[in-house]
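*Asks:* The file below is data-v5.tsv, TSV, C-alpha atoms and all ligand atoms:
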chain	number	residue	atom	x	y	z
A	129	MET	CA	-11.09	-3.05	13.71
A	130	LEU	CA	-11.10	-6.13	11.57
A	131	ARG	CA	-8.00	-8.20	10.81
A	132	VAL	CA	-8.11	-10.87	8.12
A	133	THR	CA	-5.03	-13.05	7.87
A	134	LYS	CA	-4.79	-16.30	5.97
A	135	THR	CA	-1.93	-18.78	6.12
A	136	VAL	CA	-1.06	-20.93	3.12
A	137	THR	CA	1.34	-23.77	2.49
A	138	LEU	CA	4.54	-23.25	0.51
A	139	ARG	CA	3.19	-25.48	-2.28
A	140	THR	CA	0.18	-23.19	-2.75
A	141	LEU	CA	2.45	-20.16	-2.78
A	142	SER	CA	4.72	-21.35	-5.56
A	143	ARG	CA	1.73	-22.39	-7.64
A	144	THR	CA	0.10	-18.96	-7.33
A	145	GLN	CA	3.22	-16.77	-7.40
A	146	ASN	CA	2.41	-13.55	-9.27
A	147	PRO	CA	5.41	-11.37	-10.25
A	148	GLY	CA	3.10	-8.40	-10.82
A	149	LEU	CA	1.13	-8.85	-7.59
A	150	LEU	CA	1.72	-5.31	-6.33
A	151	GLN	CA	0.68	-3.79	-9.66
A	152	ASP	CA	-2.46	-5.99	-9.84
A	153	LEU	CA	-3.31	-5.11	-6.25
A	154	THR	CA	-2.88	-1.39	-6.88
A	155	ALA	CA	-5.04	-1.62	-10.00
A	156	SER	CA	-7.71	-3.57	-8.08
A	157	CYS	CA	-7.63	-0.99	-5.30
A	158	VAL	CA	-8.25	1.85	-7.79
A	159	THR	CA	-11.17	-0.13	-9.26
A	160	VAL	CA	-12.78	-0.87	-5.89
A	161	ALA	CA	-12.22	2.70	-4.69
A	162	ASP	CA	-14.10	3.99	-7.74
A	163	GLU	CA	-16.91	1.48	-7.16
A	164	SER	CA	-16.98	2.48	-3.49
A	165	ALA	CA	-17.39	6.11	-4.49
A	166	VAL	CA	-20.49	5.19	-6.55
A	167	LEU	CA	-21.87	3.37	-3.49
A	168	ILE	CA	-21.20	6.26	-1.06
A	169	ARG	CA	-22.91	8.72	-3.38
A	170	LYS	CA	-25.92	6.39	-3.60
A	171	ILE	CA	-26.11	6.06	0.20
A	172	PHE	CA	-25.86	9.83	0.59
A	173	LYS	CA	-28.60	10.37	-2.00
A	174	ASN	CA	-30.89	7.89	-0.23
A	175	GLY	CA	-30.59	10.11	2.82
A	176	ASP	CA	-30.66	7.55	5.66
A	177	LEU	CA	-27.05	7.45	6.87
A	178	GLY	CA	-27.72	4.88	9.63
A	179	VAL	CA	-25.43	6.59	12.15
A	180	ILE	CA	-24.01	4.52	15.03
A	181	ASP	CA	-21.90	5.94	17.88
A	182	LYS	CA	-18.83	3.68	18.33
A	183	GLY	CA	-17.92	5.47	21.59
A	184	GLY	CA	-15.16	7.93	22.37
A	185	LEU	CA	-14.67	11.37	20.86
A	186	LYS	CA	-17.00	11.90	17.86
A	187	ASN	CA	-16.35	8.34	16.73
A	188	PHE	CA	-19.31	7.57	14.48
A	189	GLN	CA	-20.06	4.99	11.82
A	190	THR	CA	-22.60	5.25	8.98
A	191	GLU	CA	-24.05	2.87	6.45
A	192	GLY	CA	-21.42	4.36	4.12
A	193	ASP	CA	-18.56	3.14	6.35
A	194	ARG	CA	-20.11	-0.34	6.66
A	195	ALA	CA	-21.23	-0.94	3.08
A	196	VAL	CA	-18.03	0.38	1.52
A	197	GLN	CA	-15.85	-1.77	3.75
A	198	ARG	CA	-17.90	-4.84	2.75
A	199	LEU	CA	-17.49	-3.94	-0.92
A	200	ILE	CA	-13.73	-3.44	-0.68
A	201	LEU	CA	-13.00	-6.48	1.48
A	202	LYS	CA	-15.18	-8.83	-0.57
A	203	THR	CA	-13.23	-8.10	-3.75
A	204	LEU	CA	-9.74	-7.92	-2.25
A	205	LYS	CA	-10.14	-11.01	-0.04
A	206	THR	CA	-11.64	-13.06	-2.88
A	207	LYS	CA	-8.95	-12.07	-5.38
A	208	TYR	CA	-5.95	-12.00	-3.02
A	209	PRO	CA	-6.63	-14.54	-0.24
A	210	GLN	CA	-2.97	-14.71	0.81
A	211	VAL	CA	-2.68	-11.02	1.62
A	212	THR	CA	-3.44	-9.58	5.08
A	213	ILE	CA	-6.17	-6.94	5.01
A	214	ILE	CA	-7.06	-4.74	7.98
A	215	GLY	CA	-10.22	-2.63	7.87
A	216	GLU	CA	-11.51	0.00	10.29
A	217	GLU	CA	-15.01	-1.36	10.80
A	218	ASP	CA	-15.58	-4.50	12.90
A	219	GLY	CA	-17.54	-7.31	11.30
A	220	ASP	CA	-18.00	-5.79	7.84
A	221	ASP	CA	-15.75	-8.23	5.98
A	222	GLY	CA	-18.12	-8.91	3.06
A	223	GLU	CA	-18.19	-12.65	3.85
A	224	ALA	CA	-21.85	-13.02	4.76
A	225	GLY	CA	-23.41	-10.68	2.19
A	226	ASP	CA	-23.95	-10.88	-1.55
A	227	GLU	CA	-21.45	-8.17	-2.50
A	228	LYS	CA	-20.11	-8.33	-6.01
A	229	VAL	CA	-16.47	-9.14	-6.80
A	230	PHE	CA	-15.01	-6.48	-9.10
A	231	ASP	CA	-12.48	-8.22	-11.33
A	232	ALA	CA	-11.42	-5.24	-13.46
A	233	LEU	CA	-7.86	-3.93	-13.14
A	234	ALA	CA	-7.71	-0.14	-13.59
A	235	PRO	CA	-5.98	0.40	-16.97
A	236	GLU	CA	-4.24	3.60	-15.83
A	237	VAL	CA	-2.34	1.48	-13.29
A	238	MET	CA	-1.72	-1.50	-15.58
A	239	ASP	CA	-0.26	0.84	-18.24
A	240	LYS	CA	2.66	1.79	-15.99
A	241	LYS	CA	5.98	0.00	-15.54
A	242	PHE	CA	6.43	-0.66	-11.83
A	243	PRO	CA	9.95	-0.40	-10.36
A	244	GLU	CA	12.06	-3.58	-10.34
A	245	ASP	CA	12.09	-3.81	-6.56
A	246	LEU	CA	8.28	-3.92	-6.53
A	247	GLN	CA	8.13	-6.95	-8.81
A	248	ASN	CA	7.88	-10.41	-7.28
A	249	VAL	CA	6.66	-9.18	-3.91
A	250	ALA	CA	5.46	-12.24	-2.00
A	251	PRO	CA	1.95	-11.87	-0.53
A	252	GLU	CA	3.23	-12.49	3.01
A	253	ARG	CA	5.15	-9.20	2.80
A	254	ILE	CA	2.00	-7.21	2.11
A	255	CYS	CA	-0.55	-5.68	4.48
A	256	ILE	CA	-3.48	-3.60	3.20
A	257	TRP	CA	-5.06	-0.93	5.44
A	258	VAL	CA	-8.63	0.04	4.54
A	259	ASP	CA	-10.49	3.13	5.73
A	260	PRO	CA	-13.81	2.78	3.89
A	261	LEU	CA	-14.89	6.31	4.76
A	262	ASP	CA	-12.47	8.83	6.19
A	263	GLY	CA	-14.07	11.99	7.53
A	264	THR	CA	-17.22	10.29	8.83
A	265	MET	CA	-18.02	13.28	11.04
A	266	GLU	CA	-17.93	15.55	8.00
A	267	PHE	CA	-20.02	13.08	5.97
A	268	ILE	CA	-22.67	13.33	8.69
A	269	ASP	CA	-22.30	17.13	8.73
A	270	ARG	CA	-22.70	17.22	4.90
A	271	MET	CA	-19.20	18.65	4.41
A	272	LEU	CA	-18.76	16.34	1.48
A	273	HIS	CA	-15.41	17.50	0.09
A	274	HIS	CA	-13.71	16.30	3.30
A	275	VAL	CA	-14.71	12.67	2.72
A	276	THR	CA	-12.26	10.16	1.22
A	277	ILE	CA	-11.96	6.39	0.74
A	278	LEU	CA	-8.48	5.17	1.66
A	279	ILE	CA	-6.77	1.93	0.63
A	280	GLY	CA	-3.09	1.72	1.53
A	281	ILE	CA	-0.73	-1.12	0.63
A	282	ALA	CA	2.29	-1.68	2.85
A	283	VAL	CA	5.25	-3.84	1.87
A	284	ASP	CA	7.53	-5.01	4.68
A	285	GLY	CA	5.74	-2.54	6.95
A	286	LYS	CA	6.29	0.54	4.72
A	287	ALA	CA	3.51	2.51	3.00
A	288	ILE	CA	4.35	1.81	-0.66
A	289	SER	CA	1.16	2.12	-2.69
A	290	GLY	CA	-2.15	3.83	-2.03
A	291	VAL	CA	-5.41	5.18	-3.35
A	292	VAL	CA	-7.11	8.30	-2.00
A	293	ASN	CA	-10.55	8.60	-3.56
A	294	GLN	CA	-12.60	11.74	-3.02
A	295	PRO	CA	-16.15	10.62	-3.93
A	296	PHE	CA	-17.78	14.06	-3.79
A	297	PHE	CA	-15.06	16.06	-5.54
A	298	GLY	CA	-16.84	18.59	-7.77
A	299	PHE	CA	-20.26	18.26	-6.11
A	300	ASP	CA	-20.45	22.05	-5.68
A	301	ASP	CA	-19.81	22.64	-9.38
A	302	GLU	CA	-23.26	23.19	-10.87
A	303	SER	CA	-22.09	22.24	-14.34
A	304	LYS	CA	-21.35	18.69	-13.14
A	305	LYS	CA	-23.92	15.92	-12.87
A	306	PRO	CA	-23.63	13.54	-9.86
A	307	ASP	CA	-22.13	10.82	-12.07
A	308	GLN	CA	-19.29	13.25	-12.88
A	309	TRP	CA	-18.40	13.80	-9.21
A	310	GLY	CA	-15.36	12.21	-7.63
A	311	ARG	CA	-11.71	11.50	-8.35
A	312	SER	CA	-9.14	8.85	-7.51
A	313	ILE	CA	-5.58	9.85	-6.76
A	314	TRP	CA	-3.11	6.99	-6.48
A	315	GLY	CA	0.61	6.71	-5.97
A	316	VAL	CA	3.40	4.18	-5.71
A	317	VAL	CA	6.72	4.99	-4.05
A	318	GLY	CA	9.41	4.88	-6.77
A	319	LEU	CA	6.85	5.37	-9.55
A	320	GLY	CA	5.01	8.61	-8.73
A	321	SER	CA	1.49	9.87	-8.00
A	322	PHE	CA	-1.26	10.12	-10.58
A	323	GLY	CA	-4.79	11.36	-11.03
A	324	PRO	CA	-6.68	14.60	-11.60
A	325	PHE	CA	-4.92	16.95	-9.19
A	326	GLU	CA	-2.85	20.07	-9.46
A	327	GLN	CA	0.17	20.73	-7.26
A	328	LYS	CA	-0.15	24.49	-6.68
A	329	PRO	CA	2.94	26.30	-5.37
A	330	LEU	CA	2.69	26.95	-1.63
A	331	PRO	CA	2.47	30.62	-0.59
A	332	LYS	CA	5.94	31.89	0.34
A	333	ASP	CA	4.77	34.88	2.39
A	334	LYS	CA	2.71	32.97	4.98
A	335	LYS	CA	2.50	29.70	6.85
A	336	ILE	CA	-0.71	27.66	6.63
A	337	ILE	CA	-1.24	24.66	8.92
A	338	CYS	CA	-4.02	22.18	8.29
A	339	THR	CA	-5.46	20.27	11.24
A	340	THR	CA	-8.55	18.49	12.54
A	341	ARG	CA	-11.94	20.12	12.43
A	342	SER	CA	-13.75	17.74	14.77
A	343	HIS	CA	-11.11	16.11	17.02
A	344	ALA	CA	-9.25	19.12	18.41
A	345	SER	CA	-7.90	19.21	21.96
A	346	HIS	CA	-5.82	21.54	24.11
A	347	ASP	CA	-2.63	19.71	23.07
A	348	VAL	CA	-3.54	19.76	19.36
A	349	ASN	CA	-4.12	23.53	19.46
A	350	ALA	CA	-1.10	24.32	21.69
A	351	CYS	CA	1.27	22.56	19.29
A	352	ILE	CA	-0.06	24.51	16.30
A	353	GLU	CA	0.08	27.85	18.12
A	354	ALA	CA	3.73	27.21	19.03
A	355	MET	CA	4.46	26.92	15.29
A	356	LYS	CA	3.04	30.43	14.78
A	357	PRO	CA	0.96	29.87	11.65
A	358	ASP	CA	-0.55	32.79	9.73
A	359	GLU	CA	-3.58	30.66	8.99
A	360	ILE	CA	-5.12	27.46	10.40
A	361	LEU	CA	-7.14	25.35	7.99
A	362	ARG	CA	-9.54	23.15	9.99
A	363	GLN	CA	-10.60	20.24	7.82
A	364	GLY	CA	-11.99	16.74	8.30
A	365	GLY	CA	-10.33	13.46	7.37
A	366	ALA	CA	-6.69	12.42	7.31
A	367	GLY	CA	-6.91	11.69	3.57
A	368	ASN	CA	-8.34	15.12	2.84
A	369	LYS	CA	-5.71	16.88	4.97
A	370	VAL	CA	-2.89	15.14	3.13
A	371	LEU	CA	-4.59	16.21	-0.13
A	372	ARG	CA	-4.52	19.83	1.15
A	373	VAL	CA	-0.74	19.50	1.52
A	374	ILE	CA	-0.36	17.81	-1.87
A	375	GLU	CA	-2.45	20.46	-3.65
A	376	GLY	CA	-0.60	23.37	-2.05
A	377	ASP	CA	-3.40	24.63	0.23
A	378	ALA	CA	-1.38	24.03	3.41
A	379	HIS	CA	2.31	23.80	4.28
A	380	ALA	CA	1.75	21.08	6.86
A	381	TYR	CA	-0.80	18.71	8.39
A	382	VAL	CA	-0.17	18.85	12.13
A	383	PHE	CA	-2.03	16.59	14.58
A	384	ALA	CA	-0.43	16.25	18.02
A	385	SER	CA	-2.95	13.63	19.16
A	386	PRO	CA	-2.99	9.82	19.25
A	387	GLY	CA	-6.47	9.76	17.58
A	388	THR	CA	-5.73	8.58	14.02
A	389	LYS	CA	-5.07	4.95	13.12
A	390	LYS	CA	-2.92	3.15	10.57
A	391	TRP	CA	-5.81	2.99	8.04
A	392	ASP	CA	-6.00	6.82	8.18
A	393	THR	CA	-2.41	7.36	7.12
A	394	CYS	CA	-1.18	4.36	5.06
A	395	ALA	CA	-2.75	5.35	1.71
A	396	PRO	CA	-2.18	9.13	2.02
A	397	GLU	CA	1.42	8.53	3.12
A	398	ALA	CA	2.13	6.37	0.04
A	399	VAL	CA	0.69	9.01	-2.31
A	400	LEU	CA	2.54	11.86	-0.56
A	401	VAL	CA	5.89	10.05	-0.31
A	402	ALA	CA	5.60	8.95	-3.97
A	403	MET	CA	5.72	12.64	-4.90
A	404	GLY	CA	8.60	13.52	-2.59
A	405	GLY	CA	6.72	14.41	0.62
A	406	ALA	CA	6.97	13.03	4.13
A	407	LEU	CA	4.61	11.72	6.80
A	408	THR	CA	5.85	10.83	10.28
A	409	ASP	CA	4.69	11.04	13.87
A	410	MET	CA	5.32	14.27	15.82
A	411	HIS	CA	8.76	12.91	16.86
A	412	GLY	CA	9.88	12.21	13.28
A	413	ASN	CA	9.43	8.44	13.45
A	414	VAL	CA	8.18	6.74	10.30
A	415	MET	CA	5.00	4.73	10.78
A	416	ALA	CA	5.09	0.92	10.74
A	417	TYR	CA	2.30	-0.72	8.74
A	418	ASP	CA	3.05	-4.43	9.02
A	419	LYS	CA	0.24	-6.76	10.06
A	420	ASN	CA	1.41	-6.73	13.68
A	421	ALA	CA	1.83	-2.95	13.84
A	422	LYS	CA	0.24	-0.97	16.65
A	423	VAL	CA	-3.05	0.32	15.20
A	424	PRO	CA	-3.16	3.85	16.73
A	425	ASN	CA	-0.76	6.50	15.46
A	426	SER	CA	0.06	7.17	19.10
A	427	GLY	CA	2.85	9.65	18.36
A	428	GLY	CA	0.52	11.91	16.31
A	429	VAL	CA	0.79	12.84	12.63
A	430	LEU	CA	2.92	15.38	10.77
A	431	ALA	CA	2.87	15.58	6.97
A	432	THR	CA	4.53	18.01	4.56
A	433	ILE	CA	5.47	18.20	0.91
A	434	SER	CA	9.26	17.76	1.30
A	435	PRO	CA	11.87	16.41	3.73
A	436	ASP	CA	13.17	19.98	4.28
A	437	THR	CA	9.75	21.28	5.25
A	438	GLN	CA	9.24	18.23	7.45
A	439	LYS	CA	12.54	19.01	9.20
A	440	TRP	CA	11.45	22.60	9.90
A	441	TYR	CA	8.17	21.50	11.48
A	442	LEU	CA	9.82	18.72	13.49
A	443	GLU	CA	12.30	21.25	14.89
A	444	HIS	CA	9.40	23.50	15.91
A	445	VAL	CA	7.45	20.87	17.84
A	446	PRO	CA	7.34	22.29	21.37
A	447	GLN	CA	9.15	20.39	24.12
A	448	THR	CA	5.87	19.95	26.01
A	449	VAL	CA	4.53	17.98	23.06
A	450	ARG	CA	7.71	15.90	22.75
A	451	ASP	CA	7.52	15.04	26.46
A	452	ASN	CA	3.76	14.42	26.56
A	453	PRO	CA	3.31	10.87	27.89
A	454	GLN	CA	-0.01	10.63	25.96
A	455	LEU	CA	1.82	11.21	22.65
A	456	GLN	CA	4.58	8.63	22.51
A	457	PRO	CA	5.22	6.12	19.68
B	1	LIG	N1	-9.75	11.40	19.21
B	1	LIG	C1	-10.12	10.59	18.20
B	1	LIG	N2	-10.89	9.51	18.44
B	1	LIG	C2	-11.27	8.68	17.44
B	1	LIG	N3	-10.93	8.85	16.14
B	1	LIG	C3	-10.17	9.92	15.87
B	1	LIG	C4	-9.72	10.83	16.87
B	1	LIG	N4	-8.98	11.78	16.27
B	1	LIG	C5	-8.96	11.47	14.97
B	1	LIG	N5	-9.65	10.36	14.72
B	1	LIG	C6	-9.91	9.72	13.42
B	1	LIG	O1	-8.89	10.09	12.52
B	1	LIG	C7	-9.44	10.46	11.28
B	1	LIG	C8	-9.09	11.91	11.01
B	1	LIG	O2	-9.65	12.72	12.02
B	1	LIG	P1	-9.96	14.26	11.78
B	1	LIG	O3	-10.95	14.33	10.67
B	1	LIG	O4	-10.51	14.76	13.07
B	1	LIG	O5	-8.65	14.85	11.45
B	1	LIG	C9	-10.94	10.22	11.36
B	1	LIG	O6	-11.17	8.96	10.76
B	1	LIG	P2	-12.63	8.37	10.36
B	1	LIG	O7	-13.47	9.50	9.90
B	1	LIG	O8	-12.28	7.39	9.31
B	1	LIG	O9	-13.15	7.70	11.58
B	1	LIG	C10	-11.20	10.24	12.84
B	1	LIG	O10	-12.26	9.45	13.27
B	2	MG	MG	-14.16	6.07	11.92
B	3	MG	MG	-10.25	7.72	8.91
B	4	MG	MG	-13.19	5.73	8.57
Any chance you could give the structure as structure tokens?
*Replies:*
Amino acid sequence: MLRVTKTVTLRTLSRTQNPGLLQDLTASCVTVADESAVLIRKIFKNGDLGVIDKGGLKNFQTEGDRAVQRLILKTLKTKYPQVTIIGEEDGDDGEAGDEKVFDALAPEVMDKKFPEDLQNVAPERICIWVDPLDGTMEFIDRMLHHVTILIGIAVDGKAISGVVNQPFFGFDDESKKPDQWGRSIWGVVGLGSFGPFEQKPLPKDKKIICTTRSHASHDVNACIEAMKPDEILRQGGAGNKVLRVIEGDAHAYVFASPGTKKWDTCAPEAVLVAMGGALTDMHGNVMAYDKNAKVPNSGGVLATISPDTQKWYLEHVPQTVRDNPQLQP
């Protein structure tokens, strides 16, 4: 994990005050996510993924994770030095290398009118959580649709704005050339979620639960079985699983494990909540994303498309899971 915090004097702050900071940041994040997608596709095409085992349960890192984090941090830290940025990969802060700074602000973000309460947000209130490559295990296993790039922006510790970029979206469509692969979905709480996605209606006659493909455990499976799903969708990546909920492929993302971290959930939560959904731990607590927040999502992850659905799943969390000392906030 890499934390980058800079302190500034009050004089510097007033001189550089930017009423549209959150909008600029969101637009920059969409730009760097798109540039990151180009880079991931290039690394995949080159073939040498440079896999490193970080230790623990299937906890790998590839050149994709490292290079993308350097790209994202170089631009965001150069353009927004007063904002705290926390990235998954240690050491890859873009400071030593010759990464480019991407100045462009995504026009689709700049075209929108952000809500009043998101104007004039001081940089000290913001913390950005970066997961340069979510679904690393699936990237290594060539399950490319599961891979996402996640950049989440928290304000006062709440997930408010986020980009979920799926760099290999469409790769299995033979009519598409590699430079036509990929999509960026972004959302801002109070404004909405945008991008090329379709919110299909969820099936009413059956219950589909989406969960981990590569980090399952006895507790993870026992919790799902207690909810009596008709179907279990085992997929990689927290970003991808939230997309399954958003696109109507699953009623819920259920993960009764402390394995994910704040960079896994900040961006997807912002996009999901911006369209009326909910993401909490398995006890119903909202996640805290301020710069001093605990990094692991130690109470697990539960995400659904509406507060009512969230309530149903929370009520069906088995008591053994609620009482599990390994799964407390
Ligand atoms: N037991 C565990 N140990 C380490 N990381 C875990 C984990 N369980 C989940 N994660 C991380 O949470 C994210 C989603 O996991 P999953 O795909 O299994 O649902 C992945 O992020 P990364 O791919 O960014 O590392 C994965 O590494
Ligand atoms: Mg990882
Ligand atoms: Mg991740
Ligand atoms: Mg990652």
*Asks:* Which protein, DNA or RNA residues are at most 9 Å from (2.5, 28.6, 11.6) in the file's coordinates when you count all atoms listed in the file, listed as a PDB file with C-alpha atoms, in the frame of the given file?
*Replies:*
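Contents of result_12.pdb, freshly written:
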ATOM      1  CA  LYS A 334       2.710  32.970   4.980  1.00  0.00           C
ATOM      2  CA  LYS A 335       2.500  29.700   6.850  1.00  0.00           C
ATOM      3  CA  ILE A 336      -0.710  27.660   6.630  1.00  0.00           C
ATOM      4  CA  ILE A 337      -1.240  24.660   8.920  1.00  0.00           C
ATOM      5  CA  ILE A 352      -0.060  24.510  16.300  1.00  0.00           C
ATOM      6  CA  GLU A 353       0.080  27.850  18.120  1.00  0.00           C
ATOM      7  CA  ALA A 354       3.730  27.210  19.030  1.00  0.00           C
ATOM      8  CA  MET A 355       4.460  26.920  15.290  1.00  0.00           C
ATOM      9  CA  LYS A 356       3.040  30.430  14.780  1.00  0.00           C
ATOM     10  CA  PRO A 357       0.960  29.870  11.650  1.00  0.00           C
ATOM     11  CA  ASP A 358      -0.550  32.790   9.730  1.00  0.00           C
ATOM     12  CA  GLU A 359      -3.580  30.660   8.990  1.00  0.00           C
ATOM     13  CA  ILE A 360      -5.120  27.460  10.400  1.00  0.00           C
ATOM     14  CA  HIS A 379       2.310  23.800   4.280  1.00  0.00           C
ATOM     15  CA  ALA A 380       1.750  21.080   6.860  1.00  0.00           C
TER      16      ALA A 380
END
*Asks:* Check which residues of chain A sit at most 10 Å from ligand MG 2 (chain B) using only C-alpha atoms and all ligand atoms, and return one row each with the closest pair of atoms and their distance in Å to one decimal, ordered by chain and rising number, as CSV.
*Replies:*
residue,atom,partner,partner_atom,distance
A:Met129,CA,B:MG2,MG,9.8
A:Asp181,CA,B:MG2,MG,9.8
A:Lys182,CA,B:MG2,MG,8.3
A:Lys186,CA,B:MG2,MG,8.8
A:Asn187,CA,B:MG2,MG,5.8
A:Phe188,CA,B:MG2,MG,5.9
A:Gln189,CA,B:MG2,MG,6.0
A:Thr190,CA,B:MG2,MG,9.0
A:Asp193,CA,B:MG2,MG,7.7
A:Glu216,CA,B:MG2,MG,6.8
A:Glu217,CA,B:MG2,MG,7.6
A:Asp259,CA,B:MG2,MG,7.8
A:Pro260,CA,B:MG2,MG,8.7
A:Leu261,CA,B:MG2,MG,7.2
A:Asp262,CA,B:MG2,MG,6.6
A:Gly263,CA,B:MG2,MG,7.4
A:Thr264,CA,B:MG2,MG,6.1
A:Met265,CA,B:MG2,MG,8.2
A:Gly365,CA,B:MG2,MG,9.5
A:Thr388,CA,B:MG2,MG,9.0
A:Lys389,CA,B:MG2,MG,9.2
A:Trp391,CA,B:MG2,MG,9.7
A:Asp392,CA,B:MG2,MG,9.0
*Asks:* Which is closest to ligand LIG 1 (chain B) among A:His346, A:Lys369, A:Arg169, A:Arg253, if we use only C-alpha atoms and all ligand atoms?
*Replies:*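 Result for the nearest residue to ligand LIG 1 (chain B): A:Lys369.
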*Asks:* Kindly indicate which residue among A:Leu361, A:Val401, A:Phe383, A:Asp418 lies nearest to A:Tyr441, using all atoms listed in the file for the distances.
*Replies:*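 Among the listed residues, A:Phe383 lies closest to A:Tyr441.
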*Asks:* Taking (-6.4, 19.5, 7.0) in the file's own coordinates, collect the residues within 12 Å, counting all atoms listed in the file, and hand them back as a PyMOL selection string.
*Replies:* chain A and resi 263+273-275+336-344+359-383+429-432
*Asks:* Would you mind reading off the distance between atom CA of A:Val292 and atom CA of A:Ala395, one decimal, in Å?
*Replies:* 6.4 Å
*Asks:* Please supply stretch 385-399 of chain A, rebuilt with N, CA and C atoms, as a CSV table (one decimal), in the frame of the given file.
*Replies:*
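What landed in out.csv:
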chain,number,residue,atom,x,y,z
A,385,SER,N,-1.9,14.4,18.4
A,385,SER,CA,-3.0,13.6,19.2
A,385,SER,C,-2.8,12.2,18.7
A,386,PRO,N,-3.1,11.2,19.6
A,386,PRO,CA,-3.0,9.8,19.2
A,386,PRO,C,-4.2,9.3,18.5
A,387,GLY,N,-5.1,10.2,18.1
A,387,GLY,CA,-6.5,9.8,17.6
A,387,GLY,C,-6.5,9.0,16.3
A,388,THR,N,-5.6,9.3,15.3
A,388,THR,CA,-5.7,8.6,14.0
A,388,THR,C,-5.2,7.2,14.1
A,389,LYS,N,-5.5,6.4,13.1
A,389,LYS,CA,-5.1,5.0,13.1
A,389,LYS,C,-4.3,4.7,11.8
A,390,LYS,N,-3.8,3.5,11.7
A,390,LYS,CA,-2.9,3.2,10.6
A,390,LYS,C,-3.7,3.2,9.3
A,391,TRP,N,-5.0,2.9,9.3
A,391,TRP,CA,-5.8,3.0,8.0
A,391,TRP,C,-6.0,4.4,7.6
A,392,ASP,N,-5.9,5.4,8.5
A,392,ASP,CA,-6.0,6.8,8.2
A,392,ASP,C,-4.8,7.3,7.4
A,393,THR,N,-3.6,6.8,7.7
A,393,THR,CA,-2.4,7.4,7.1
A,393,THR,C,-1.7,6.5,6.1
A,394,CYS,N,-2.0,5.2,6.0
A,394,CYS,CA,-1.2,4.4,5.1
A,394,CYS,C,-1.3,4.8,3.6
A,395,ALA,N,-2.6,4.9,3.1
A,395,ALA,CA,-2.8,5.4,1.7
A,395,ALA,C,-2.3,6.8,1.5
A,396,PRO,N,-2.7,7.8,2.3
A,396,PRO,CA,-2.2,9.1,2.0
A,396,PRO,C,-0.7,9.2,2.1
A,397,GLU,N,0.0,8.5,3.0
A,397,GLU,CA,1.4,8.5,3.1
A,397,GLU,C,2.1,8.0,1.8
A,398,ALA,N,1.5,6.9,1.3
A,398,ALA,CA,2.1,6.4,0.0
A,398,ALA,C,2.0,7.4,-1.1
A,399,VAL,N,0.9,8.0,-1.2
A,399,VAL,CA,0.7,9.0,-2.3
A,399,VAL,C,1.6,10.2,-2.1
